[in-house]
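A.B. asks: My structure is below; once you've seen it, I'll send some questions.
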Amino acid sequence: MAEKRDYYEVLGVGKDASKDDIKRAYRRLAKQFHPDANKSPEAEGKFKEVSEAYEVLADEGKRATYDQFGHAGVSQAFSGGGFSWNDFTHFGDIEDLFGGEFFGRNIFDVFFGGAHRASQEGPARGEDLRYDTEITLEEAYSGVERDIRFPRTEVCETCSGSGAKPGTSPKPCPACGGAGRVRKEQRTPFGFFATVMACGKCGGKGSTIEAPCKDCKGSGKVVADRTIHIKIPEGVASGSHLRLHAEGEAGAHGGTSGDLYVVIHVKPHAFFERVSDDLVCQIPVSFSQAALGAEVEVPTISGKARLKVPAGTQTHTVFRLKGEGMPHLRGRGRGDQHVRVVVETPKKLSADARKLLEQLRELEKKQERGLFERLKDTLGGG
């Protein structure tokens with residue numbers, strides 16, 4: 001935990017500052033750092049820091065203890081050694097400073113973030129769901145349709161989501177009169193303060209169920225397996241997803257269902273490597289094919305193609321087959337296929353093949369000697 005700064009330093013006042021000086025400093029800094037007015041990431045921490053400093057220095061007893069013992073003398077006044085809004089005792093001062101409202105909000109909303117003002121629960125959208133599925137590269141090329149099965153919460157058909165036994169209905173909560181919240185007043189040295197909180201009997205719903213539905217046990221929802229048919233378009237890549245509207249978890253109190261996201265994973269291929277919408281592969285060619293040139297057959301994702309290998313091709317030369325790659329997901333056309341050729345050296349030779357290669361070696365030696373002689377004449381002539 002970071003070491004706390006001196007409270008006088010936090011408020012920017014001296015140790016001989018009057019109570020009015022402290023109040024003015026706090027008002028200026030609170031307006032500067034309140035999260036409703038300052039959207040920077042550190043604003044909330046700064047606001048709590050200046051509020052904690054004011055809580056101590058505005059109280060004569062706490063200030064005297066702090067002046068004598070420092071943070072250790074007042075640390076027990078705050079939960080866990082840190083500032084807690086429930087420990088703040090100067091709401092009367094703050095209400096006086098800001099006229100009861102702060103940036104258009106009630107003073108209790110400012111310090112409690114509205115946490116004590118629960119309202120009756122209304123319709124709420126259901127949670128989104130995720131489903132992961134695998135397809136092959138060939139399926140990604142051509143597109144595929146399939147059924148998927150997954151569990152989700154749905155509105156209970158027996159009670160139509162009310163949670164009450166058929167023939168009955170939820171009743172207004174007797175504790176809150178159907179409002180879903182209750183008001184509690186408390187006397188303090190600064191006057192009466194009222195807090196509004198969720199009703200403990202109905203949990204903020206505003207209603208109670210005397211005879212729960214036997215299928216959903218009063219929740220209004222049940223878990224069921226759902227099977228839907230999906231269409232995966234051609235050209236999808238790993239990480240692509242389909243968004244299926246309202247196929248997620250059921251909403252609460254009549255709210256809409258969430259969405260289902262189907263995340264697609266394309267399995268690695270034994271022959272092709274995918275790079276964006278292009279496909280890359282490697283094929284072997286013989287020494288004679290590379291040296292003399294040839295036309296070879298190359299597998300493609302959709303079948304086969306003929307590739308012309310020019311005479312004198314070197315190993316690892318890459319050729320392009322235009323339009324033989326993956327379809328573009330959002331647009332017409334396809335990527336290309338890139339073919340890397342690797343010249344293979346035979347491991348075993350027949351007698352005839354060995355004889356021919358030996359003849360070739362002798363011919364290469366003569367060519368090398370002729371080249372050397374021409375180079376020597378050229379250098380000597382210079």
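Each chain of the structure tokens is named A, B, ... in the order shown, its residues numbered from 1; ligands are numbered from 1 in display order.
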Write down as a ChimeraX atom specification the residues belonging to stretch 120-318 of chain A that are assigned strand (DSSP E or B) by DSSP computed on the backbone.
C.D. replies: /A:124,129-135,144-155,164,171-172,181-188,191-198,207-208,212,221-232,241-244,252,260-266,273-275,278-286,294-300,303-309,318
A.B. asks: Please list as a list of chain:residue names every residue within 10 Å of A:His245, counting only C-alpha atoms and excluding residues in the same chain fewer than 5 positions away.
C.D. replies: A:Asp128, A:Ser257, A:Gly258, A:Asp259, A:Leu260, A:Tyr261
A.B. asks: Go through A:Gly325, A:Gly254, A:Gly73, A:Pro233 and flag the residue nearest A:Arg146, using only C-alpha atoms for the distances.
C.D. replies: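 Checking each candidate against A:Arg146, we get A:Pro233 as the closest.
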A.B. asks: Of the candidates A:Asp278, A:Gly180, A:Gly293, A:Leu329, which shows the shortest atom-to-atom distance to A:Gly312, using only C-alpha atoms?
C.D. replies: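 For A:Gly312, the nearest of the given residues is A:Gly293.
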A.B. asks: Neighbours of A:Thr227 within 8 Å (only C-alpha atoms; same-chain residues fewer than 2 positions away dropped), as number ranges by chain?
C.D. replies: A: 147-150, 225, 229
A.B. asks: Within 8 Å of A:Glu297, counting only C-alpha atoms, which residues qualify if same-chain residues fewer than 4 places away don't, as a list of chain:residue names?
C.D. replies: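 The filter keeps A:Lys304, A:Ala305, A:Arg306, A:Leu307.
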A.B. asks: Got time to write the residues from that selection, C-alpha atoms, as a PDB file, in the first residue's frame?
C.D. replies:
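The resulting file, again.pdb, is shown below:
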ATOM      1  CA  LYS A 304      -5.945 -28.967 -58.549  1.00  0.00           C
ATOM      2  CA  ALA A 305      -4.053 -26.529 -60.761  1.00  0.00           C
ATOM      3  CA  ARG A 306      -1.119 -26.664 -63.202  1.00  0.00           C
ATOM      4  CA  LEU A 307       2.019 -24.689 -62.366  1.00  0.00           C
TER       5      LEU A 307
END
A.B. asks: Need the shell around A:Glu60: protein/DNA/RNA residues with any atom at most 12 Å away, counting only C-alpha atoms. Skip same-chain ones fewer than 5 positions apart. Format as a JSON list (two decimals) with N, CA and C atoms, in the first residue's frame?
C.D. replies:
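What follows is the written file result-v1.json:
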[["chain", "number", "residue", "atom", "x", "y", "z"],
["A", 18, "SER", "N", -6.84, 27.96, 9.79],
["A", 18, "SER", "CA", -8.09, 27.99, 10.54],
["A", 18, "SER", "C", -9.09, 27.00, 9.96],
["A", 19, "LYS", "N", -10.17, 26.81, 10.67],
["A", 19, "LYS", "CA", -11.20, 25.88, 10.19],
["A", 19, "LYS", "C", -11.80, 26.37, 8.88],
["A", 22, "ILE", "N", -9.44, 25.60, 6.03],
["A", 22, "ILE", "CA", -9.53, 24.18, 5.67],
["A", 22, "ILE", "C", -10.78, 23.91, 4.85],
["A", 54, "TYR", "N", -9.98, 16.19, 4.89],
["A", 54, "TYR", "CA", -10.94, 17.14, 5.47],
["A", 54, "TYR", "C", -11.66, 16.53, 6.66],
["A", 55, "GLU", "N", -12.02, 15.26, 6.58],
["A", 55, "GLU", "CA", -12.72, 14.59, 7.67],
["A", 55, "GLU", "C", -11.92, 14.68, 8.96],
["A", 65, "THR", "N", -5.37, 14.89, 17.62],
["A", 65, "THR", "CA", -4.75, 13.55, 17.66],
["A", 65, "THR", "C", -3.80, 13.38, 16.49],
["A", 66, "TYR", "N", -4.20, 13.85, 15.32],
["A", 66, "TYR", "CA", -3.35, 13.73, 14.13],
["A", 66, "TYR", "C", -2.07, 14.55, 14.30],
["A", 67, "ASP", "N", -2.21, 15.78, 14.85],
["A", 67, "ASP", "CA", -1.03, 16.62, 15.04],
["A", 67, "ASP", "C", -0.02, 15.98, 15.98]]
A.B. asks: Between atom CA of A:Ala175 and atom CA of A:Thr195, what is the spacing in Å?
C.D. replies: 16.1 Å
A.B. asks: Find the residue from A:Lys267, A:Arg181, A:Lys214, A:Lys165 that sits nearest to A:Cys199; use only C-alpha atoms when measuring.
C.D. replies: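 Of the candidates, the smallest distance to A:Cys199 is held by A:Arg181.
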A.B. asks: Which residue, A:Leu129, A:Thr256, A:Thr136, A:Gly303, has the smallest gap to A:Arg243 when you use only C-alpha atoms?
C.D. replies: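 Looking only at the distances to A:Arg243, the closest residue turns out to be A:Leu129.
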